[in-house]
Number of protein chains: 2
Amino acid sequence: MSATRTPRYTDEQLRLAARLYYVDGLGQAEVAQFTRISQAKVSRLLALARERGIVKISVAEYESRSPMLEDKLRALLGLETAAVIRTLPGATSSDARRAVGHFGAAIAASLISPGSVVAISGGRTMRELVQNLPADKKAGLTVVQTMGSIDSSVAPVDALELGRVMARRCEGLFLSLNSPAFVPDKRTRDSFLALTQIRAVWQHLSQARVALVGIGTLENSIFVERGILSADDLAKLRDGGAVGEICGRFFNAEGQECDSPWRDRVVSIELDQLRTIPQVVGIVAGSDRSAAIAAAVRGGLLKSLIIDEGGANALPFPSMAGSHSNPHSKPNGNSSSSTPAKLK
Amino acid sequence: MSATRTPRYTDEQLRLAARLYYVDGLGQAEVAQFTRISQAKVSRLLALARERGIVKISVAEYESRSPMLEDKLRALLGLETAAVIRTLPGATSSDARRAVGHFGAAIAASLISPGSVVAISGGRTMRELVQNLPADKKAGLTVVQTMGSIDSSVAPVDALELGRVMARRCEGLFLSLNSPAFVPDKRTRDSFLALTQIRAVWQHLSQARVALVGIGTLENSIFVERGILSADDLAKLRDGGAVGEICGRFFNAEGQECDSPWRDRVVSIELDQLRTIPQVVGIVAGSDRSAAIAAAVRGGLLKSLIIDEGGANALPFPSMAGSHSNPHSKPNGNSSSSTPAKLK
DNA sequence: AAAATAATCGAATAAATATTCTGAATAAAT
DNA sequence: ATTTATTCAGAATATTTATTCGATTATTTT
């Protein structure tokens with residue numbers, strides 16, 4: 001039925017083109033003239049030469065993480081895995097999110113075993129990370145949304161969207177939690193939770209081996225931003241001892257869920273259920289989340305943390321005067337990448 | 001008077017940019033966003049990273065020469081150096097010239113010691129070669145024209161032009177032979193040769209350590225092309241036994257200069273003078289020059305030869321049935337070039 | 001042999017990258 | 001302190017490279 005002709009360019013041709021282009025510095029048009037082919041073909045030949053390893057490009061390792069801070073973090077918080085993503089001096093919080101997303105993706109991916117169930121929340125940093133997850137065809141994950149949707153307009157940072165994207169990238173399955181994040185009262189919430197569809201999602205959640213969650217603060221709340229909570233609501237939560245939020249559940253400095261009207265109105269994974277997931281990874285960027293992070297760890301909500309350098313530095317280390325100076329080791333190995341993702 | 005500020009980009013920055021671009025496959029614009037600089041700067045950063053060796057590109061060796069044919073050539077003709085430049089199947093003579101020029105340049109350059117006097121002739125292949133000579137600042141050569149100019153319009157293949165180019169590339173001195181190649185009669189020629197200026201050039205020629213010369217045929221003569229010789233003139237030369245030409249001097253199958261009216265009218269290096277130059281390198285492309293090449297070597301006019309594969313194969317080897325098949329060895333080393341000439 | 005399916009090519013074009021140019025900033029030399 | 005030469009950055013632009021597209025050519029299947 002299917003006719004297949006293997007594309008056969010001789011290595012000879014490829015070596016010549018690569019030599020003229022990379023070593024002798026001719027342009028593709030010049031190489032084309034030299035070898036009497038079109039520039040388009042030279043471009044393709046060179047791409048093939050890189051693929052075939054006739055051309056190898058190696059880049060000195062950029063130390064994307066700060067092992068020293070990671071050690072401290074692990075020691076201080078008792079984390080299983082701590083990844084501190086370095087940022088260039090003067091990085092904004094948006095820079096930090098991007099960096100965490102970019103370099104944290106591979107780390108997060110390494111914590112996910114193929115075929116497992118992954119619980120995820122939303123968030124800006126989460127979004128960056130999900131976007132950068134390696135498109136690993138063989139993963140075959142089941143991605144499950146841990147919290148209902150904040151409102152009916154689906155923002156690109158919402159778990160609903162992130163789950164979809166993540167599942168697509170891994171060619172896995174996405175289970176959405178078709179419910180608002182907050183409902184008017186407990187009774188409504190309970191009736192939602194009683195729905196077969198929702199219960200099925202819960203069922204999957206209980207099998208989750210990994211959860212990737214963002215951590216919210218009271219100061220910079222997504223719920224206020226989206227008009228779900230008022231400043232007044234927030235003040236009440238704060239009075240109740242809340243210092244942070246995960247999946248719409250507010251917790252105090254000990255990492256215990258605060259009693260509040262919201263507690264009974266949120267449709268999301270229970271913190272106790274979260275605690276049973278073997279690997280819960282906090283995906284965080286920013287220096288304003290120290291209290292929330294510390295509390296979450298203290299309460300056993302997080303097992304691991306992927307965080308930016310600034311955020312790590314802001315954590316309340318016992319005694320660290322002048323610890324900001326030169327927090328990086330300086331190795332200079334040359335790591336070779338035989339099949340670079342792209343080359344231009 | 002002069003203020004100098006060393007451009008200081010940290011290797012850190014370079015490694016990050018290089019990593020994102022080459023390893024992670026981001027475009028320069030994306031890298032720019034990531035690091036909050038302009039795309040222009042990313043381009044410069046990457047160039048610097050390559051310069052500094054943070055990015056290394058290695059290309060599998062393209063075997064530009066045919067050692068097997070070179071051995072045969074050396075054995076057959078008793079040459080000092082024989083370089084046979086490979087051509088892709090189906091190469092035209094123009095392709096061959098380009099190939100000889102490109103890959104032969106480095107070989108020719110290696111035969112030229114710094115500061116020495118180099119005699120050169122014109123020709124299309126010579127032109128390709130000269131254009132590709134490495135711009136070696138430290139060479140400090142003296143380049144001397146071996147034959148007067150064919151006509152008053154300076155073609156880009158004329159020795160006058162090639163000498164100029166070659167001297168410029170090496171930041172050396174060029175001595176032009178300000179005379180027509182052919183003058184009406186012996187007397188005029190002798191009066192030219194008596195000129196102080198011309199004698200000075202001859203003086204330099206006698207010090208030449210190397211000569212790079214093209215080899216002409218009767219069939220495809222530059223002099224006919226430029227209207228200096230008629231078909232009739234050529235027939236007479238052929239009758240006189242001429243099989244080839246170097247620097248406007250026609251020689252017979254033994255490599256001895258033919259007696260002809262032109263012999264006394266040409267303003268160019270004498271063949272005997274050429275024979276005294278320690279290293280005379282023939283720069284040849286094309287399969288139609290076998291007789292001329294063989295004769296020139298026989299007559300001691302050439303010590304070395306840089307020739308294309310086709311031209312080498314056309315030479316009259318004693319017994320070579322089926323010698324065309326697979327005349328190349330097949331090594332596959334990876335030669336690393338730490339500072340590629342260009343990279344895009 | 002004919003039909004069907006891919007592979008491949010180069011021209012045209014889209015996209016990406018390198019360079020030029022201008023102005024601002026910096027450091028050395030008055 | 002002012003001047004001067006130089007570096008640097010980014011916007012605009014030129015150049016180069018990658019991709020799309022339609023036509024063509026090869027290979028396999030019927």
# chains A, B, ... in the order shown; residues from 1 in each chain; ligands from 1

call {"tool": "select_by_dssp", "arguments": {"residues": "stretch 171-213 of chain B", "states": "strand (DSSP E or B)", "output": "JSON, numbers by chain"}}
result
{"B": [173, 174, 175, 180, 182, 210, 211, 212, 213]}

call {"tool": "calpha_fit_and_write", "arguments": {"fixed": "chain A", "moving": "chain B", "output": "tab-separated table (two decimals) with C-alpha atoms, in the first residue's frame"}}
result
chain	number	residue	atom	x	y	z
B	1	MET	CA	-0.98	1.34	-0.80
B	2	SER	CA	2.02	3.22	0.50
B	3	ALA	CA	5.13	3.88	-1.50
B	4	THR	CA	8.25	4.76	0.42
B	5	ARG	CA	11.50	5.94	-1.01
B	6	THR	CA	14.24	6.54	1.44
B	7	PRO	CA	15.82	9.94	0.93
B	8	ARG	CA	19.41	9.17	0.11
B	9	TYR	CA	21.90	11.90	0.20
B	10	THR	CA	25.41	10.65	0.40
B	11	ASP	CA	27.36	11.57	3.50
B	12	GLU	CA	29.86	12.80	0.96
B	13	GLN	CA	27.52	15.52	-0.19
B	14	LEU	CA	26.63	16.43	3.36
B	15	ARG	CA	30.23	16.61	4.44
B	16	LEU	CA	31.12	18.83	1.52
B	17	ALA	CA	28.25	21.21	2.17
B	18	ALA	CA	28.96	21.26	5.89
B	19	ARG	CA	32.62	21.82	5.32
B	20	LEU	CA	32.06	24.71	2.96
B	21	TYR	CA	29.47	26.30	5.20
B	22	TYR	CA	30.79	25.79	8.70
B	23	VAL	CA	34.50	25.49	8.19
B	24	ASP	CA	35.15	27.64	5.16
B	25	GLY	CA	32.49	30.16	6.02
B	26	LEU	CA	30.69	30.30	2.69
B	27	GLY	CA	27.06	31.36	2.67
B	28	GLN	CA	24.41	28.89	1.66
B	29	ALA	CA	24.03	30.60	-1.68
B	30	GLU	CA	27.75	30.20	-2.30
B	31	VAL	CA	27.66	26.57	-1.29
B	32	ALA	CA	24.74	26.15	-3.64
B	33	GLN	CA	26.74	27.58	-6.54
B	34	PHE	CA	29.68	25.42	-5.66
B	35	THR	CA	27.67	22.24	-5.65
B	36	ARG	CA	25.16	23.24	-8.33
B	37	ILE	CA	22.07	22.92	-6.24
B	38	SER	CA	19.58	25.43	-4.96
B	39	GLN	CA	20.06	27.37	-1.76
B	40	ALA	CA	16.94	25.69	-0.45
B	41	LYS	CA	18.57	22.33	-0.80
B	42	VAL	CA	21.72	23.50	0.89
B	43	SER	CA	19.61	24.55	3.84
B	44	ARG	CA	18.04	21.11	3.94
B	45	LEU	CA	21.38	19.40	3.48
B	46	LEU	CA	22.85	21.27	6.40
B	47	ALA	CA	19.88	20.43	8.60
B	48	LEU	CA	20.34	16.79	7.66
B	49	ALA	CA	24.05	16.98	8.35
B	50	ARG	CA	23.32	18.22	11.84
B	51	GLU	CA	20.74	15.52	12.34
B	52	ARG	CA	23.11	12.85	11.17
B	53	GLY	CA	25.85	14.09	13.43
B	54	ILE	CA	28.13	15.09	10.60
B	55	VAL	CA	28.05	18.50	12.22
B	56	LYS	CA	28.24	18.59	15.97
B	57	ILE	CA	27.70	21.64	18.10
B	58	SER	CA	28.71	21.69	21.70
B	59	VAL	CA	28.00	24.44	24.12
B	60	ALA	CA	29.75	25.06	27.40
B	61	GLU	CA	27.36	24.21	30.19
B	62	TYR	CA	25.30	27.05	31.55
B	63	GLU	CA	24.78	26.39	35.24
B	64	SER	CA	21.05	26.92	35.35
B	65	ARG	CA	20.73	25.95	38.99
B	66	SER	CA	22.33	27.00	42.22
B	67	PRO	CA	23.36	23.80	44.00
B	68	MET	CA	24.47	25.75	47.02
B	69	LEU	CA	21.06	27.31	47.58
B	70	GLU	CA	19.44	24.00	46.86
B	71	ASP	CA	21.43	22.39	49.64
B	72	LYS	CA	20.41	25.12	52.03
B	73	LEU	CA	16.79	24.79	51.01
B	74	ARG	CA	16.75	21.06	51.44
B	75	ALA	CA	18.37	21.39	54.84
B	76	LEU	CA	16.13	24.19	56.01
B	77	LEU	CA	12.83	22.85	54.78
B	78	GLY	CA	13.46	19.16	54.66
B	79	LEU	CA	12.53	18.92	51.02
B	80	GLU	CA	12.91	15.86	48.88
B	81	THR	CA	13.93	17.76	45.79
B	82	ALA	CA	14.85	21.41	45.66
B	83	ALA	CA	15.61	23.11	42.38
B	84	VAL	CA	16.78	26.69	42.52
B	85	ILE	CA	16.78	28.27	39.09
B	86	ARG	CA	19.33	30.98	38.61
B	87	THR	CA	18.35	34.33	37.23
B	88	LEU	CA	20.51	37.03	35.73
B	89	PRO	CA	21.11	40.09	37.91
B	90	GLY	CA	18.23	42.53	37.66
B	91	ALA	CA	15.69	39.95	36.63
B	92	THR	CA	12.06	40.96	37.00
B	93	SER	CA	9.46	38.61	38.41
B	94	SER	CA	8.35	37.92	34.88
B	95	ASP	CA	11.93	36.96	34.04
B	96	ALA	CA	11.98	34.71	37.05
B	97	ARG	CA	8.82	32.96	35.95
B	98	ARG	CA	10.23	32.42	32.52
B	99	ALA	CA	13.47	31.06	33.89
B	100	VAL	CA	11.70	28.72	36.29
B	101	GLY	CA	9.41	27.59	33.52
B	102	HIS	CA	12.20	27.00	31.07
B	103	PHE	CA	14.76	25.28	33.23
B	104	GLY	CA	12.29	23.83	35.71
B	105	ALA	CA	10.36	21.95	33.07
B	106	ALA	CA	12.97	19.28	32.59
B	107	ILE	CA	13.31	18.87	36.33
B	108	ALA	CA	9.58	18.55	36.79
B	109	ALA	CA	9.44	16.11	33.90
B	110	SER	CA	12.09	13.99	35.56
B	111	LEU	CA	9.87	13.67	38.60
B	112	ILE	CA	7.03	12.30	36.54
B	113	SER	CA	7.21	8.64	35.69
B	114	PRO	CA	5.72	7.55	32.38
B	115	GLY	CA	2.10	6.52	32.46
B	116	SER	CA	1.43	8.01	35.86
B	117	VAL	CA	-1.35	10.30	36.95
B	118	VAL	CA	-0.36	13.93	37.44
B	119	ALA	CA	-2.43	16.47	39.33
B	120	ILE	CA	-1.98	20.08	38.30
B	121	SER	CA	-3.11	23.51	39.31
B	122	GLY	CA	-2.99	26.78	37.39
B	123	GLY	CA	-0.79	29.81	37.71
B	124	ARG	CA	1.53	31.95	35.68
B	125	THR	CA	4.69	30.12	36.60
B	126	MET	CA	2.91	26.82	36.10
B	127	ARG	CA	2.00	28.02	32.65
B	128	GLU	CA	5.58	28.80	31.72
B	129	LEU	CA	6.61	25.43	32.98
B	130	VAL	CA	3.93	23.45	31.21
B	131	GLN	CA	4.75	25.21	27.96
B	132	ASN	CA	8.30	24.03	28.26
B	133	LEU	CA	7.69	20.46	29.23
B	134	PRO	CA	9.51	18.17	26.84
B	135	ALA	CA	7.08	16.76	24.31
B	136	ASP	CA	7.71	13.24	25.36
B	137	LYS	CA	5.60	10.98	23.21
B	138	LYS	CA	6.13	7.96	25.34
B	139	ALA	CA	4.94	9.46	28.60
B	140	GLY	CA	1.26	8.63	28.16
B	141	LEU	CA	0.25	10.57	31.21
B	142	THR	CA	-3.11	11.21	32.73
B	143	VAL	CA	-3.33	14.85	33.71
B	144	VAL	CA	-5.97	15.80	36.24
B	145	GLN	CA	-7.22	19.25	37.14
B	146	THR	CA	-7.11	19.81	40.91
B	147	MET	CA	-9.42	22.79	41.19
B	148	GLY	CA	-12.49	24.04	39.37
B	149	SER	CA	-12.28	26.89	36.97
B	150	ILE	CA	-12.01	30.37	38.41
B	151	ASP	CA	-14.47	31.83	35.99
B	152	SER	CA	-16.09	30.99	32.72
B	153	SER	CA	-13.50	32.74	30.59
B	154	VAL	CA	-10.64	30.34	30.29
B	155	ALA	CA	-7.40	32.20	30.85
B	156	PRO	CA	-4.19	30.68	29.54
B	157	VAL	CA	-2.97	30.31	33.09
B	158	ASP	CA	-5.95	28.25	34.22
B	159	ALA	CA	-5.55	24.62	35.12
B	160	LEU	CA	-8.20	23.79	32.54
B	161	GLU	CA	-6.00	25.17	29.81
B	162	LEU	CA	-2.70	24.00	31.23
B	163	GLY	CA	-3.97	20.47	31.62
B	164	ARG	CA	-5.13	20.43	28.05
B	165	VAL	CA	-1.75	21.70	26.83
B	166	MET	CA	0.21	19.34	29.00
B	167	ALA	CA	-1.79	16.32	27.93
B	168	ARG	CA	-1.41	17.28	24.30
B	169	ARG	CA	2.33	17.67	24.63
B	170	CYS	CA	2.64	14.24	26.19
B	171	GLU	CA	-0.03	12.72	24.00
B	172	GLY	CA	-1.77	11.80	27.22
B	173	LEU	CA	-5.26	12.09	28.62
B	174	PHE	CA	-6.61	15.17	30.32
B	175	LEU	CA	-9.36	14.97	32.91
B	176	SER	CA	-11.03	18.31	33.48
B	177	LEU	CA	-12.88	19.24	36.60
B	178	ASN	CA	-16.02	20.68	35.11
B	179	SER	CA	-17.02	22.95	37.91
B	180	PRO	CA	-16.50	26.49	39.07
B	181	ALA	CA	-13.73	26.87	41.61
B	182	PHE	CA	-16.06	28.54	44.06
B	183	VAL	CA	-19.78	27.92	44.42
B	184	PRO	CA	-22.25	29.91	46.52
B	185	ASP	CA	-22.54	27.53	49.42
B	186	LYS	CA	-21.62	24.19	50.94
B	187	ARG	CA	-24.73	22.47	49.75
B	188	THR	CA	-24.03	23.34	46.15
B	189	ARG	CA	-20.46	22.23	46.56
B	190	ASP	CA	-21.52	18.90	48.00
B	191	SER	CA	-23.97	18.33	45.23
B	192	PHE	CA	-21.24	19.00	42.72
B	193	LEU	CA	-18.94	16.61	44.45
B	194	ALA	CA	-21.64	14.00	44.35
B	195	LEU	CA	-21.81	14.07	40.59
B	196	THR	CA	-20.54	10.95	38.94
B	197	GLN	CA	-18.32	12.91	36.62
B	198	ILE	CA	-16.67	14.82	39.44
B	199	ARG	CA	-16.33	11.70	41.56
B	200	ALA	CA	-14.57	10.01	38.69
B	201	VAL	CA	-12.06	12.80	38.62
B	202	TRP	CA	-11.59	12.52	42.38
B	203	GLN	CA	-11.04	8.85	41.90
B	204	HIS	CA	-8.20	9.58	39.50
B	205	LEU	CA	-6.81	12.25	41.79
B	206	SER	CA	-6.44	9.70	44.53
B	207	GLN	CA	-4.19	7.71	42.21
B	208	ALA	CA	-1.99	10.67	41.43
B	209	ARG	CA	1.68	10.00	41.93
B	210	VAL	CA	2.72	13.58	41.31
B	211	ALA	CA	1.15	16.97	41.76
B	212	LEU	CA	2.46	20.19	40.29
B	213	VAL	CA	1.03	23.15	42.15
B	214	GLY	CA	1.50	26.87	42.33
B	215	ILE	CA	1.45	28.67	45.64
B	216	GLY	CA	-0.64	31.78	46.14
B	217	THR	CA	-0.25	34.63	48.57
B	218	LEU	CA	-2.87	36.87	50.05
B	219	GLU	CA	-1.11	39.96	48.82
B	220	ASN	CA	-1.09	39.00	45.21
B	221	SER	CA	-4.10	36.82	44.86
B	222	ILE	CA	-5.32	35.51	41.58
B	223	PHE	CA	-8.81	35.33	43.08
B	224	VAL	CA	-8.87	39.03	43.79
B	225	GLU	CA	-7.48	39.71	40.36
B	226	ARG	CA	-10.28	37.73	38.79
B	227	GLY	CA	-12.90	39.35	41.02
B	228	ILE	CA	-13.79	36.23	42.99
B	229	LEU	CA	-12.62	37.52	46.34
B	230	SER	CA	-12.84	41.10	47.58
B	231	ALA	CA	-10.20	42.94	49.54
B	232	ASP	CA	-12.53	42.55	52.47
B	233	ASP	CA	-12.73	38.79	52.03
B	234	LEU	CA	-8.98	38.70	52.00
B	235	ALA	CA	-8.72	40.74	55.17
B	236	LYS	CA	-10.99	38.24	56.88
B	237	LEU	CA	-8.86	35.36	55.69
B	238	ARG	CA	-5.78	37.10	56.95
B	239	ASP	CA	-7.46	37.62	60.30
B	240	GLY	CA	-8.14	33.91	60.34
B	241	GLY	CA	-4.40	33.33	60.08
B	242	ALA	CA	-4.13	32.58	56.38
B	243	VAL	CA	-0.65	33.11	54.91
B	244	GLY	CA	-0.94	31.24	51.65
B	245	GLU	CA	-3.11	29.28	49.26
B	246	ILE	CA	-2.85	26.15	47.21
B	247	CYS	CA	-5.61	25.05	44.86
B	248	GLY	CA	-7.98	27.61	46.31
B	249	ARG	CA	-7.46	26.40	49.86
B	250	PHE	CA	-6.04	28.88	52.32
B	251	PHE	CA	-3.71	27.72	55.03
B	252	ASN	CA	-2.09	29.22	58.09
B	253	ALA	CA	1.54	29.46	59.13
B	254	GLU	CA	1.46	25.82	60.16
B	255	GLY	CA	0.16	24.74	56.80
B	256	GLN	CA	-3.21	23.82	58.17
B	257	GLU	CA	-6.29	24.84	56.28
B	258	CYS	CA	-7.97	27.92	57.72
B	259	ASP	CA	-11.54	27.81	58.72
B	260	SER	CA	-13.43	30.24	56.56
B	261	PRO	CA	-16.61	30.45	54.55
B	262	TRP	CA	-14.56	29.72	51.48
B	263	ARG	CA	-13.41	26.40	52.76
B	264	ASP	CA	-16.85	24.94	52.24
B	265	ARG	CA	-17.42	26.61	48.92
B	266	VAL	CA	-14.33	25.57	47.01
B	267	VAL	CA	-14.35	22.70	44.58
B	268	SER	CA	-10.78	21.44	44.68
B	269	ILE	CA	-8.58	18.74	46.02
B	270	GLU	CA	-8.56	18.62	49.84
B	271	LEU	CA	-5.26	19.44	51.46
B	272	ASP	CA	-5.29	16.11	53.24
B	273	GLN	CA	-5.71	14.41	49.91
B	274	LEU	CA	-2.84	16.45	48.55
B	275	ARG	CA	-0.71	15.26	51.47
B	276	THR	CA	-1.23	11.66	50.39
B	277	ILE	CA	0.28	12.29	46.98
B	278	PRO	CA	3.86	11.00	47.13
B	279	GLN	CA	5.40	13.82	45.15
B	280	VAL	CA	3.91	17.29	45.45
B	281	VAL	CA	6.04	19.85	43.67
B	282	GLY	CA	5.67	23.53	44.31
B	283	ILE	CA	6.29	25.63	41.21
B	284	VAL	CA	7.16	29.09	42.40
B	285	ALA	CA	8.69	32.31	41.24
B	286	GLY	CA	9.05	35.53	43.15
B	287	SER	CA	10.40	36.82	46.42
B	288	ASP	CA	7.04	37.57	47.97
B	289	ARG	CA	6.01	34.02	48.73
B	290	SER	CA	8.37	33.08	51.48
B	291	ALA	CA	5.81	32.82	54.25
B	292	ALA	CA	3.41	30.80	52.14
B	293	ILE	CA	6.10	28.42	51.00
B	294	ALA	CA	7.48	27.89	54.47
B	295	ALA	CA	4.01	27.24	55.83
B	296	ALA	CA	3.13	24.82	53.05
B	297	VAL	CA	6.26	22.83	53.63
B	298	ARG	CA	5.74	22.90	57.37
B	299	GLY	CA	2.24	21.56	56.89
B	300	GLY	CA	3.45	18.72	54.72
B	301	LEU	CA	1.76	20.07	51.64
B	302	LEU	CA	4.90	20.22	49.53
B	303	LYS	CA	7.53	17.56	49.14
B	304	SER	CA	9.60	19.37	46.55
B	305	LEU	CA	10.14	22.85	45.28
B	306	ILE	CA	11.15	24.42	42.02
B	307	ILE	CA	11.85	28.07	42.66
B	308	ASP	CA	13.80	31.01	41.32
B	309	GLU	CA	16.98	32.25	42.89
B	310	GLY	CA	15.37	35.39	44.25
B	311	GLY	CA	12.55	33.44	45.83
B	312	ALA	CA	15.00	31.03	47.40
B	313	ASN	CA	17.13	33.82	48.77
B	314	ALA	CA	14.06	35.45	50.30
B	315	LEU	CA	13.27	32.40	52.38
B	316	PRO	CA	13.87	32.86	56.10
B	317	PHE	CA	17.18	31.14	56.56
B	318	PRO	CA	18.33	31.01	60.19
B	319	SER	CA	21.44	33.17	60.03
B	320	MET	CA	22.68	34.40	56.76
B	321	ALA	CA	24.43	37.71	56.87
B	322	GLY	CA	26.08	38.45	53.54
B	323	SER	CA	24.95	35.20	52.04
B	324	HIS	CA	24.14	36.88	48.79
B	325	SER	CA	27.66	37.11	47.55
B	326	ASN	CA	28.62	34.72	44.83
B	327	PRO	CA	26.28	31.84	45.57
B	328	HIS	CA	27.40	29.82	42.54
B	329	SER	CA	30.04	27.31	41.83
B	330	LYS	CA	31.99	27.84	38.66
B	331	PRO	CA	32.52	24.65	36.68
B	332	ASN	CA	33.19	24.92	33.00
B	333	GLY	CA	32.57	21.59	31.35
B	334	ASN	CA	31.64	21.36	27.71
B	335	SER	CA	28.52	19.35	27.32
B	336	SER	CA	27.97	18.04	23.86
B	337	SER	CA	24.55	17.92	22.33
B	338	SER	CA	24.66	15.71	19.29
B	339	THR	CA	21.18	16.65	18.10
B	340	PRO	CA	20.58	20.29	18.90
B	341	ALA	CA	16.94	21.23	18.87
B	342	LYS	CA	17.52	23.88	16.28
B	343	LEU	CA	20.37	25.55	14.58
B	344	LYS	CA	20.53	28.51	12.42

call {"tool": "closest_residue", "arguments": {"among": "C:DG10, C:DA4, C:DA25, C:DT17", "to": "chain B", "atoms": "only C-alpha atoms (C1' of nucleotides)"}}
result
C:DT17

call {"tool": "closest_atom_pairs", "arguments": {"of": "chain D", "to": "chain A", "cutoff": "8 Å", "atoms": "only C-alpha atoms (C1' of nucleotides)", "output": "JSON lines"}}
result
{"residue": "D:DT16", "atom": "C1'", "partner": "A:Gly27", "partner_atom": "CA", "distance": 7.8}
{"residue": "D:DT17", "atom": "C1'", "partner": "A:Ser43", "partner_atom": "CA", "distance": 7.1}
{"residue": "D:DA18", "atom": "C1'", "partner": "A:Ser43", "partner_atom": "CA", "distance": 7.1}
{"residue": "D:DT27", "atom": "C1'", "partner": "A:Ala3", "partner_atom": "CA", "distance": 6.6}
{"residue": "D:DT28", "atom": "C1'", "partner": "A:Ala3", "partner_atom": "CA", "distance": 5.1}
{"residue": "D:DT29", "atom": "C1'", "partner": "A:Met1", "partner_atom": "CA", "distance": 6.4}

call {"tool": "select_by_dssp", "arguments": {"residues": "stretch 15-263 of chain A", "states": "helix (DSSP H, G or I)", "output": "PyMOL selection string"}}
result
chain A and resi 15-23+28-35+39-51+67-77+93-111+124-132+159-170+186-194+196-205+222-225+231-239+261-263

call {"tool": "atom_distance", "arguments": {"atom1": "atom C1' of C:DA15", "atom2": "atom C1' of D:DC21"}}
result
15.9 Å

call {"tool": "atom_distance", "arguments": {"atom1": "atom C1' of D:DT4", "atom2": "atom C1' of C:DA27"}}
result
10.4 Å

call {"tool": "interface_residues", "arguments": {"of": "chain C", "to": "chain A", "cutoff": "10 Å", "atoms": "only C-alpha atoms (C1' of nucleotides)", "output": "short mmCIF file (atom, residue, chain, number, x, y, z; two decimals) with N, CA and C atoms (P, O5', C5', C4', C3', O3' and C1' of nucleotides), in the first residue's frame"}}
result
data_model
loop_
_atom_site.label_atom_id
_atom_site.label_comp_id
_atom_site.auth_asym_id
_atom_site.auth_seq_id
_atom_site.Cartn_x
_atom_site.Cartn_y
_atom_site.Cartn_z
P DA C 4 -5.11 5.32 -9.58
"O5'" DA C 4 -4.05 5.18 -8.39
"C5'" DA C 4 -3.92 3.93 -7.73
"C4'" DA C 4 -2.83 4.03 -6.68
"C3'" DA C 4 -2.92 5.29 -5.81
"O3'" DA C 4 -2.70 4.92 -4.46
"C1'" DA C 4 -0.78 5.14 -6.80
P DT C 5 -2.92 5.94 -3.28
"O5'" DT C 5 -1.42 6.17 -2.80
"C5'" DT C 5 -0.61 5.03 -2.50
"C4'" DT C 5 0.83 5.48 -2.30
"C3'" DT C 5 0.98 6.73 -1.42
"O3'" DT C 5 1.92 6.41 -0.39
"C1'" DT C 5 2.25 6.94 -3.40
P DA C 6 1.81 7.09 1.04
"O5'" DA C 6 3.26 7.72 1.21
"C5'" DA C 6 3.76 8.40 0.09
"C4'" DA C 6 5.22 8.05 -0.10
"C3'" DA C 6 6.09 9.12 0.53
"O3'" DA C 6 7.34 8.55 0.85
"C1'" DA C 6 6.14 9.30 -1.85
P DA C 7 8.29 9.35 1.85
"O5'" DA C 7 9.36 9.96 0.84
"C5'" DA C 7 10.06 9.09 -0.03
"C4'" DA C 7 10.76 9.90 -1.11
"C3'" DA C 7 11.58 11.07 -0.57
"O3'" DA C 7 12.87 10.96 -1.15
"C1'" DA C 7 10.15 11.79 -2.31
P DT C 8 14.09 11.79 -0.64
"O5'" DT C 8 14.16 12.98 -1.68
"C5'" DT C 8 14.28 12.67 -3.07
"C4'" DT C 8 14.02 13.92 -3.87
"C3'" DT C 8 14.70 15.18 -3.31
"O3'" DT C 8 15.73 15.53 -4.21
"C1'" DT C 8 12.50 15.60 -4.13
P DC C 9 16.79 16.59 -3.83
"O5'" DC C 9 16.44 17.78 -4.84
"C5'" DC C 9 16.29 17.48 -6.24
"C4'" DC C 9 15.42 18.54 -6.88
"C3'" DC C 9 15.84 19.96 -6.50
"O3'" DC C 9 16.69 20.46 -7.50
"C1'" DC C 9 13.44 19.66 -6.47
P DG C 10 17.60 21.72 -7.20
"O5'" DG C 10 16.63 22.92 -7.56
"C5'" DG C 10 16.04 22.96 -8.86
"C4'" DG C 10 15.02 24.07 -8.92
"C3'" DG C 10 15.54 25.45 -8.51
"O3'" DG C 10 14.85 26.38 -9.31
"C1'" DG C 10 13.77 24.85 -7.10
P DA C 11 15.37 27.80 -9.56
"O5'" DA C 11 14.04 28.65 -9.36
"C5'" DA C 11 12.92 28.38 -10.20
"C4'" DA C 11 11.69 29.04 -9.61
"C3'" DA C 11 11.87 30.51 -9.25
"O3'" DA C 11 10.70 31.22 -9.66
"C1'" DA C 11 11.24 29.27 -7.32
P DA C 16 10.48 33.13 12.72
"O5'" DA C 16 12.04 33.33 12.51
"C5'" DA C 16 12.79 32.27 11.95
"C4'" DA C 16 14.19 32.74 11.70
"C3'" DA C 16 14.87 33.39 12.91
"O3'" DA C 16 16.07 32.70 13.13
"C1'" DA C 16 15.09 34.77 10.98
P DT C 17 17.04 33.18 14.31
"O5'" DT C 17 18.06 34.06 13.49
"C5'" DT C 17 18.85 33.46 12.49
"C4'" DT C 17 19.76 34.48 11.87
"C3'" DT C 17 20.70 35.19 12.85
"O3'" DT C 17 21.97 35.15 12.27
"C1'" DT C 17 19.56 36.79 11.55
#
